[in-house]
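Coordinates from final_10.cif are shown below (mmCIF, C-alpha atoms and all ligand atoms).
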```cif
data_work
loop_
_atom_site.label_atom_id
_atom_site.label_comp_id
_atom_site.auth_asym_id
_atom_site.auth_seq_id
_atom_site.Cartn_x
_atom_site.Cartn_y
_atom_site.Cartn_z
CA MET A 1 124.19 55.90 235.42
CA PRO A 2 126.87 58.49 236.19
CA GLN A 3 126.38 60.47 239.38
CA ALA A 4 125.86 63.72 237.46
CA MET A 5 123.11 62.12 235.34
CA GLN A 6 121.26 60.95 238.49
CA GLU A 7 121.47 64.43 239.97
CA THR A 8 120.09 66.24 236.93
CA GLY A 9 117.48 63.57 236.19
CA ALA A 10 116.62 62.12 232.78
CA ALA A 11 113.94 64.74 232.14
CA ALA A 12 116.29 67.71 232.61
CA PRO A 13 117.86 68.35 229.21
CA ALA A 14 119.15 71.84 230.09
CA GLY A 15 121.91 72.80 232.45
CA LEU A 16 125.65 72.22 232.58
CA LEU A 17 125.48 68.53 231.73
CA ALA A 18 123.64 69.33 228.50
CA LEU A 19 126.48 71.69 227.59
CA ILE A 20 129.15 69.18 228.55
CA THR A 21 127.56 66.51 226.36
CA GLY A 22 126.47 68.93 223.62
CA PHE A 23 128.65 67.22 221.01
CA MET A 24 126.63 63.99 221.22
CA PRO A 25 123.52 65.06 219.25
CA ALA A 26 125.84 66.68 216.69
CA ARG A 27 127.60 63.33 216.15
CA VAL A 28 124.29 61.49 215.84
CA VAL A 29 123.05 63.96 213.20
CA HIS A 30 126.37 63.74 211.34
CA ALA A 31 126.25 59.91 211.29
CA ALA A 32 122.70 60.04 209.89
CA ALA A 33 123.77 62.52 207.20
CA GLU A 34 126.85 60.48 206.19
CA LEU A 35 124.75 57.33 205.88
CA GLY A 36 122.15 59.20 203.81
CA LEU A 37 119.36 57.88 206.04
CA ALA A 38 116.92 60.69 205.23
CA ASP A 39 116.82 59.95 201.50
CA LEU A 40 116.53 56.21 202.14
CA LEU A 41 113.67 56.67 204.60
CA VAL A 42 111.77 58.76 202.05
CA ALA A 43 112.34 56.05 199.46
CA GLY A 44 110.56 53.61 201.79
CA VAL A 45 113.61 51.87 203.29
CA ASN A 46 112.36 52.18 206.84
CA THR A 47 113.61 49.40 209.11
CA ALA A 48 117.03 49.07 210.70
CA ALA A 49 117.62 45.81 208.80
CA SER A 50 116.79 47.27 205.38
CA LEU A 51 118.66 50.50 206.07
CA ALA A 52 121.66 48.46 207.22
CA ARG A 53 121.60 46.49 203.96
CA GLU A 54 121.57 49.72 201.91
CA THR A 55 124.29 51.48 203.89
CA GLY A 56 126.51 48.55 204.91
CA ALA A 57 126.02 49.46 208.58
CA HIS A 58 125.65 47.11 211.57
CA ALA A 59 121.88 46.60 211.89
CA PRO A 60 121.54 46.46 215.71
CA SER A 61 123.70 49.61 216.08
CA LEU A 62 121.82 51.37 213.30
CA HIS A 63 118.61 50.56 215.17
CA ARG A 64 120.04 52.33 218.19
CA LEU A 65 121.04 55.31 216.01
CA LEU A 66 117.46 55.48 214.70
CA ARG A 67 116.15 55.51 218.24
CA ALA A 68 118.59 58.31 219.07
CA LEU A 69 117.31 60.22 216.02
CA ALA A 70 113.75 59.67 217.27
CA SER A 71 114.74 61.16 220.62
CA LEU A 72 116.03 64.24 218.77
CA GLY A 73 112.83 64.63 216.75
CA LEU A 74 114.36 63.79 213.36
CA VAL A 75 112.44 60.53 212.85
CA ASP A 76 109.27 58.97 214.28
CA GLU A 77 108.92 55.30 215.14
CA THR A 78 105.58 54.90 213.37
CA GLU A 79 105.19 51.24 214.41
CA PRO A 80 107.62 49.04 216.29
CA GLY A 81 110.83 48.88 214.27
CA ARG A 82 109.62 51.17 211.44
CA PHE A 83 110.79 54.75 211.11
CA ALA A 84 109.67 57.79 209.11
CA LEU A 85 111.20 61.22 208.68
CA THR A 86 109.73 64.15 210.59
CA PRO A 87 109.63 67.64 209.01
CA LEU A 88 112.86 68.43 210.91
CA GLY A 89 114.51 65.26 209.61
CA THR A 90 113.47 66.15 206.07
CA GLN A 91 116.09 68.89 206.13
CA LEU A 92 118.74 66.14 206.06
CA ARG A 93 117.57 65.05 202.60
CA ARG A 94 119.74 66.08 199.68
CA ASP A 95 118.42 68.57 197.15
CA VAL A 96 115.20 69.59 198.89
CA PRO A 97 114.34 73.21 199.60
CA GLY A 98 115.79 74.02 203.01
CA SER A 99 118.20 71.08 202.95
CA GLN A 100 120.92 71.30 205.59
CA ARG A 101 122.59 68.01 204.73
CA ASN A 102 125.84 69.59 203.60
CA LEU A 103 125.94 71.71 206.76
CA ALA A 104 125.67 68.49 208.79
CA LEU A 105 128.44 66.91 206.69
CA MET A 106 130.64 70.00 206.99
CA PHE A 107 130.27 70.71 210.72
CA GLY A 108 130.44 67.02 211.54
CA GLY A 109 133.21 66.33 209.05
CA GLU A 110 136.81 65.51 209.89
CA ARG A 111 138.25 69.00 209.38
CA SER A 112 135.73 70.77 211.58
CA TRP A 113 135.90 68.04 214.20
CA ARG A 114 139.68 67.96 214.45
CA CYS A 115 139.96 71.76 214.56
CA TRP A 116 137.31 72.06 217.26
CA GLY A 117 139.29 69.36 219.09
CA ALA A 118 142.20 71.80 219.11
CA LEU A 119 140.14 74.80 220.27
CA LEU A 120 142.14 75.02 223.47
CA HIS A 121 145.30 75.44 221.40
CA SER A 122 143.67 78.36 219.55
CA VAL A 123 142.62 79.98 222.82
CA ARG A 124 146.10 79.53 224.30
CA THR A 125 147.97 80.81 221.27
CA GLY A 126 145.54 82.78 219.10
CA GLU A 127 146.51 80.50 216.21
CA ALA A 128 143.75 78.95 214.07
CA ALA A 129 143.75 75.20 214.68
CA MET A 130 144.05 74.57 210.93
CA GLN A 131 147.78 75.32 211.16
CA PRO A 132 148.84 72.85 213.86
CA VAL A 133 146.32 70.23 212.73
CA TYR A 134 146.80 70.38 208.93
CA GLY A 135 149.76 72.73 208.41
CA MET A 136 147.72 75.00 206.13
CA GLY A 137 144.87 77.50 206.14
CA SER A 138 141.21 76.63 205.51
CA PHE A 139 141.12 77.74 201.87
CA GLU A 140 144.45 76.09 201.02
CA TYR A 141 142.95 72.93 202.48
CA LEU A 142 139.83 73.24 200.35
CA ALA A 143 141.94 73.84 197.23
CA ALA A 144 143.82 70.62 197.98
CA HIS A 145 140.71 68.57 198.87
CA PRO A 146 138.12 68.94 196.09
CA ASP A 147 135.58 66.66 197.80
CA ALA A 148 135.69 68.78 200.95
CA ALA A 149 135.40 71.93 198.80
CA VAL A 150 132.22 70.60 197.17
CA VAL A 151 130.65 69.98 200.59
CA PHE A 152 131.87 73.35 201.93
CA ASN A 153 130.53 75.32 198.95
CA ALA A 154 127.22 73.48 199.07
CA ALA A 155 126.96 74.05 202.84
CA MET A 156 127.58 77.78 202.37
CA ALA A 157 124.89 77.84 199.69
CA GLU A 158 122.42 76.09 202.02
CA ILE A 159 122.73 79.03 204.42
CA THR A 160 122.97 81.63 201.69
CA ARG A 161 119.81 80.53 199.84
CA GLN A 162 117.72 81.52 202.86
CA VAL A 163 119.75 84.62 203.67
CA ALA A 164 119.63 85.83 200.05
CA ARG A 165 115.85 86.25 200.28
CA ALA A 166 116.30 88.41 203.37
CA VAL A 167 119.07 90.46 201.69
CA VAL A 168 117.02 91.32 198.60
CA ALA A 169 113.97 92.10 200.75
CA ALA A 170 115.98 94.55 202.86
CA TYR A 171 117.97 96.44 200.23
CA ASP A 172 117.27 98.05 196.85
CA PHE A 173 119.87 96.67 194.42
CA ALA A 174 118.17 98.29 191.41
CA ARG A 175 120.09 101.51 192.22
CA PHE A 176 123.32 99.86 191.00
CA ARG A 177 124.55 99.06 187.48
CA ARG A 178 127.28 96.52 188.24
CA ILE A 179 127.90 94.42 191.36
CA VAL A 180 130.76 92.12 192.32
CA ASP A 181 130.12 89.35 194.86
CA VAL A 182 133.60 89.01 196.33
CA GLY A 183 134.20 85.50 197.70
CA GLY A 184 130.82 84.77 196.14
CA GLY A 185 131.14 80.97 196.19
CA ASN A 186 128.75 79.19 193.86
CA GLY A 187 126.79 82.34 192.98
CA THR A 188 123.71 81.70 195.13
CA LEU A 189 123.61 85.26 196.50
CA LEU A 190 124.38 86.95 193.18
CA ALA A 191 121.65 84.94 191.45
CA ALA A 192 119.07 86.16 193.97
CA ILE A 193 120.26 89.77 193.68
CA LEU A 194 120.19 89.75 189.87
CA ALA A 195 116.74 88.17 189.91
CA ALA A 196 115.54 91.06 192.10
CA ALA A 197 117.15 93.79 189.95
CA PRO A 198 116.64 93.06 186.24
CA GLY A 199 118.82 95.99 185.06
CA LEU A 200 121.85 94.89 187.09
CA ARG A 201 124.90 92.97 185.87
CA GLY A 202 127.17 91.02 188.20
CA ILE A 203 130.35 89.06 188.76
CA VAL A 204 130.96 86.11 191.09
CA PHE A 205 134.58 86.54 192.10
CA ASP A 206 136.27 83.75 194.06
CA LEU A 207 139.17 81.29 194.08
CA PRO A 208 138.86 78.56 191.43
CA ALA A 209 137.88 76.03 194.14
CA GLY A 210 135.24 78.47 195.42
CA ASN A 211 133.31 79.40 192.29
CA ALA A 212 133.74 76.23 190.21
CA GLU A 213 130.00 75.49 190.48
CA ALA A 214 128.89 79.08 189.76
CA PRO A 215 128.63 78.83 185.94
CA ARG A 216 126.22 75.89 186.26
CA LEU A 217 124.09 77.61 188.90
CA LEU A 218 123.90 80.91 186.99
CA ALA A 219 123.05 79.12 183.75
CA ALA A 220 120.28 77.19 185.52
CA ALA A 221 118.91 80.52 186.80
CA GLY A 222 118.93 81.90 183.23
CA LEU A 223 121.44 84.60 184.14
CA THR A 224 124.37 83.95 181.80
CA GLN A 225 123.69 87.18 179.89
CA ARG A 226 124.02 89.31 183.03
CA ALA A 227 126.46 87.34 185.17
CA GLU A 228 130.13 86.54 184.82
CA VAL A 229 132.31 84.19 186.83
CA VAL A 230 135.85 85.41 187.48
CA ALA A 231 138.54 83.48 189.36
CA GLY A 232 141.16 85.35 191.35
CA ASP A 233 142.66 86.17 194.72
CA PHE A 234 141.06 89.03 196.65
CA PHE A 235 144.35 89.75 198.40
CA GLN A 236 145.77 90.70 195.00
CA ALA A 237 142.87 92.50 193.34
CA VAL A 238 139.13 92.30 192.66
CA PRO A 239 137.35 93.21 189.40
CA GLU A 240 137.45 96.98 188.89
CA GLY A 241 134.85 99.64 188.28
CA ALA A 242 131.65 98.26 189.81
CA ASP A 243 129.37 100.48 191.89
CA ALA A 244 128.60 97.73 194.42
CA TYR A 245 130.87 95.19 196.11
CA ILE A 246 129.14 92.67 198.33
CA LEU A 247 130.93 90.24 200.63
CA LYS A 248 128.88 87.69 202.53
CA SER A 249 130.57 85.69 205.28
CA VAL A 250 133.99 86.65 203.94
CA ILE A 251 135.32 89.33 206.28
CA HIS A 252 134.56 87.16 209.33
CA ASP A 253 136.94 84.52 207.92
CA GLY A 254 139.98 86.72 208.48
CA ASP A 255 141.93 88.42 211.26
CA ASP A 256 142.03 92.21 211.14
CA GLY A 257 145.12 92.33 208.90
CA ASP A 258 143.63 90.04 206.25
CA SER A 259 140.22 91.69 206.46
CA ILE A 260 141.67 95.17 205.93
CA ALA A 261 143.69 93.86 202.97
CA ILE A 262 140.49 92.49 201.33
CA LEU A 263 138.65 95.75 201.99
CA LYS A 264 141.56 97.71 200.50
CA SER A 265 141.30 95.62 197.32
CA CYS A 266 137.60 96.60 197.16
CA ARG A 267 138.46 100.23 197.89
CA LYS A 268 140.91 100.32 194.96
CA ALA A 269 138.32 98.84 192.61
CA ILE A 270 135.09 100.63 193.60
CA VAL A 271 133.77 103.72 191.79
CA LYS A 272 133.58 106.93 193.81
CA ALA A 273 129.83 106.87 194.42
CA GLY A 274 129.76 103.11 194.98
CA ARG A 275 128.76 101.14 198.05
CA LEU A 276 130.44 98.31 199.92
CA LEU A 277 128.01 95.82 201.44
CA LEU A 278 128.90 93.18 204.01
CA VAL A 279 126.54 90.45 205.12
CA GLU A 280 127.81 89.43 208.53
CA ARG A 281 126.76 88.92 212.13
CA VAL A 282 127.14 92.06 214.22
CA MET A 283 128.17 90.96 217.70
CA PRO A 284 126.59 92.67 220.69
CA GLU A 285 128.88 94.76 222.89
CA ARG A 286 127.78 92.67 225.87
CA MET A 287 126.95 88.98 225.66
CA GLU A 288 123.84 87.66 227.35
CA ALA A 289 122.78 84.08 227.99
CA SER A 290 120.26 83.99 225.14
CA PRO A 291 119.92 81.56 222.21
CA ALA A 292 120.67 84.36 219.70
CA HIS A 293 123.84 85.43 221.48
CA GLN A 294 124.88 81.84 222.05
CA ARG A 295 124.64 81.11 218.34
CA MET A 296 126.81 84.11 217.47
CA ALA A 297 129.35 83.26 220.14
CA MET A 298 129.62 79.62 219.00
CA LEU A 299 130.14 80.75 215.40
CA ASP A 300 132.81 83.14 216.66
CA MET A 301 134.56 80.15 218.26
CA ASN A 302 134.23 78.33 214.94
CA MET A 303 135.95 81.25 213.22
CA LEU A 304 138.72 81.17 215.81
CA ALA A 305 139.34 77.45 215.40
CA LEU A 306 139.02 77.04 211.63
CA PRO A 307 139.86 79.97 209.38
CA GLY A 308 141.33 82.11 212.18
CA GLY A 309 138.74 84.84 211.73
CA ARG A 310 136.24 86.47 214.08
CA GLU A 311 132.73 87.83 214.39
CA ARG A 312 132.83 91.57 215.12
CA THR A 313 130.88 94.33 216.84
CA GLU A 314 129.67 97.40 214.95
CA ALA A 315 132.56 99.42 216.42
CA GLU A 316 135.02 96.80 215.18
CA TYR A 317 133.55 96.95 211.67
CA ARG A 318 133.72 100.74 211.77
CA ALA A 319 137.45 100.54 212.62
CA LEU A 320 138.14 98.01 209.82
CA PHE A 321 136.37 100.25 207.32
CA GLU A 322 138.30 103.31 208.40
CA ALA A 323 141.59 101.46 207.98
CA ALA A 324 140.57 100.71 204.37
CA ARG A 325 139.13 104.22 203.66
CA PHE A 326 135.47 103.36 203.88
CA ALA A 327 132.89 104.89 206.25
CA LEU A 328 130.14 102.82 207.81
CA GLU A 329 126.77 104.25 206.74
CA ARG A 330 124.19 101.92 208.26
CA VAL A 331 123.55 98.48 209.67
CA LEU A 332 120.34 96.75 208.59
CA PRO A 333 119.50 93.70 210.69
CA LEU A 334 117.97 91.08 208.39
CA PRO A 335 114.70 89.67 209.69
CA GLU A 336 114.67 85.97 208.69
CA GLY A 337 118.38 86.34 207.94
CA GLY A 338 119.62 83.86 210.54
CA GLY A 339 121.07 86.59 212.76
CA LEU A 340 122.93 88.31 209.92
CA SER A 341 122.91 92.02 209.12
CA LEU A 342 123.60 94.01 205.98
CA ILE A 343 126.35 96.52 206.69
CA GLU A 344 126.66 99.36 204.21
CA ALA A 345 129.76 101.51 203.78
CA ALA A 346 130.83 104.24 201.36
CA PRO A 347 134.31 105.03 200.07
CA ILE A 348 136.00 108.10 201.64
C1 LIG B 401 132.72 81.44 204.08
S1 LIG B 401 132.78 81.37 202.33
C2 LIG B 401 131.42 82.40 201.86
C3 LIG B 401 130.91 82.09 200.49
C4 LIG B 401 129.70 82.95 200.05
N1 LIG B 401 130.00 84.37 200.09
C5 LIG B 401 128.49 82.62 200.91
O1 LIG B 401 128.29 83.31 201.92
O2 LIG B 401 127.77 81.67 200.59
C6 LIG B 401 134.19 82.38 201.94
C7 LIG B 401 134.49 82.45 200.47
O3 LIG B 401 135.70 83.21 200.26
C8 LIG B 401 136.44 82.58 199.24
N2 LIG B 401 137.87 82.94 199.35
C9 LIG B 401 138.74 82.58 200.32
N3 LIG B 401 139.95 83.07 200.08
C10 LIG B 401 139.85 83.77 198.91
C11 LIG B 401 140.79 84.53 198.15
N4 LIG B 401 142.05 84.64 198.55
N5 LIG B 401 140.36 85.16 197.03
C12 LIG B 401 139.05 85.03 196.63
N6 LIG B 401 138.12 84.32 197.32
C13 LIG B 401 138.53 83.70 198.45
C14 LIG B 401 136.21 81.11 199.49
O4 LIG B 401 136.55 80.30 198.38
C15 LIG B 401 134.74 81.08 199.85
O5 LIG B 401 133.91 80.91 198.72
#
```

Would you write out, as structure tokens, the structure that this file holds?
Ligand SMILES: C[S@@+](CC[C@H](N)C(=O)[O-])C[C@H]1O[C@@H](n2cnc3c(N)ncnc32)[C@H](O)[C@@H]1O
Amino acid sequence: MPQAMQETGAAAPAGLLALITGFMPARVVHAAAELGLADLLVAGVNTAASLARETGAHAPSLHRLLRALASLGLVDETEPGRFALTPLGTQLRRDVPGSQRNLALMFGGERSWRCWGALLHSVRTGEAAMQPVYGMGSFEYLAAHPDAAVVFNAAMAEITRQVARAVVAAYDFARFRRIVDVGGGNGTLLAAILAAAPGLRGIVFDLPAGNAEAPRLLAAAGLTQRAEVVAGDFFQAVPEGADAYILKSVIHDGDDGDSIAILKSCRKAIVKAGRLLLVERVMPERMEASPAHQRMAMLDMNMLALPGGRERTEAEYRALFEAARFALERVLPLPEGGGLSLIEAAPI
């Protein structure tokens, strides 16, 4: 056992060593997601030998992986050598409410892993790791790698499904006639908003690789009469004349220059009495050692390494808005919104 491990003791999961080795559980969860273990376990394939046959894995090593998953609370060893999913592990199943399988595939996938591996480069230079690692930005990469785009869009939707409930609970969308979800991905947020405001019409605006799945999702939600899917580039222009423009997890993808450019596109398009709505994390002015702040700070590092964006404080959002001729009106923290807030601004 390494010296450090002896000093902290096996029963001391917290502390510096837990931070140093923090990537290990993430890799274990990613391996389980890639192998599709959760769906197999539910289908009754519940021993290392049978799971190894289904997945083509090495049975003794898979047994060790299952034991690691048991230590993380994702499976239970119900009798020697037999495993069952726990409620936490159930979230690694595909297509169940609350599934986080695509998030596990995305954060544990090659692109995220290699870019986080180059975090030091980003800190030294300010350059998103996507450039030195892949020679292109995140969304160029997704356009060139359709399989990765499918996982990315589905992972975004896994977060957005939960957040969408919090957004419609916190804000009255019935006051608007037409809304554009800019960078709206597969339409998960727009579908929830239109369901909450029956008189409202909406557009999911995104790159072709971003909103390819939106027509299917909106049709399944019975919203084809009120929802349109439009492909385009928000640096060029966004659909004109709506009274609400909502952007969830879009502005944090960019540096200040890109973010102001996107907001200016919205400013050109919005009607005079319209409202701009961002769904983003609002960073505290001063960081504390708390789980909530830690989560925001880690996602800020993710933005630095991958798309080259950032999480921002309220003052930083206010400054972005002013540069694009909007004024911040209010910030509504979203209970049950995973640390996100709804930020409302008006054109000036
Ligand atoms: C982090 S995702 C957020 C997706 C969605 N709003 C959500 O929260 O689930 C950012 C979105 O911006 C889109 N995007 C990136 N660059 C874009 C561009 N130049 N024009 C339009 N959309 C773009 C991406 O395709 C992606 O769907």

* **Within 7 Å of ligand LIG 401 (chain B) (only C-alpha atoms and all ligand atoms), residues as a ChimeraX atom specification** => /A:139,153,156-157,159-160,182-185,188-189,205-207,209-211,232-235,247-250,253

* Sphere at (132.3, 104.3, 199.9), radius 10 Å, counting all atoms listed in the file: residues as number ranges by chain -> A: 243-245, 266-267, 270-277, 321, 325-329, 344-348

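With all atoms listed in the file as the basis for measurement, A:Ala38 is the residue among A:Val204, A:Ala118, A:Ala38, A:Leu223 that approaches Leu92 in chain A most closely.
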
* So which one's closest to Ile262 in chain A, A:Leu17, A:Leu320, A:Ala315, A:Ala31? Using all atoms listed in the file, please. -> A:Leu320

* Using only C-alpha atoms, determine which residues lie at most 8 Å from Ile203 in chain A, disregarding the query and same-chain residues fewer than 4 positions distant; provide the list as number ranges by chain. => A: 179-181, 190, 227-230

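Using only C-alpha atoms, the nearest neighbour of Phe23 in chain A within the list A:Gly44, A:Leu69, A:Asn102, A:Phe107 is A:Phe107.
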
* Near-Ala174 in chain A list (9 Å; only C-alpha atoms; drop same-chain fewer than 5 positions) as number ranges by chain -> A: 194, 196-200

* Grab the CA of Thr90 in chain A to CA of Leu103 in chain A distance for me, in Å with one decimal place. => 13.7 Å

* To do: Write out as a list in words the residues lying within 8 Å of Ile193 in chain A, counting all atoms listed in the file and excluding same-chain residues fewer than 5 positions away.
  =>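 Counting only the stated atoms, we get Ala164, Val168 and Phe173 of chain A.
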
* Residue among A:Arg226, A:His252, A:Lys268, A:His293 lying closest to Tyr317 in chain A, counting all atoms listed in the file ->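 The closest residue to Tyr317 in chain A is A:His252.
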
* Computed interatomic separation between CA of Gln294 in chain A and CA of Arg165 in chain A (Å) ->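 CA of Arg165 in chain A lies 24.0 Å from CA of Gln294 in chain A.
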
* Mind listing whatever residues come within 12 Å of the point (141.3, 74.5, 200.0)? Use all atoms listed in the file, file coordinates, and give them as a count of residues only. => 26

* To do: Identify, on the basis of all atoms listed in the file, every residue whose closest approach to Asp76 in chain A does not exceed 8 Å; exclude the query and any residue fewer than 6 positions from it along the same chain; express the result as an MDAnalysis selection string.
  => chainID A and resid 70 83:86

Only C-alpha atoms, please: the residues just picked out, written as a PDB file, in the frame of the given file.
```
ATOM      1  CA  ALA A  70     113.750  59.670 217.270  1.00  0.00           C
ATOM      2  CA  PHE A  83     110.790  54.750 211.110  1.00  0.00           C
ATOM      3  CA  ALA A  84     109.670  57.790 209.110  1.00  0.00           C
ATOM      4  CA  LEU A  85     111.200  61.220 208.680  1.00  0.00           C
ATOM      5  CA  THR A  86     109.730  64.150 210.590  1.00  0.00           C
TER       6      THR A  86
END
```

* Asked: So how many Å separate CA of Gly339 in chain A and CA of Arg281 in chain A, to one decimal?
  ->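 Result for CA of Gly339 in chain A versus CA of Arg281 in chain A: 6.2 Å, one decimal.
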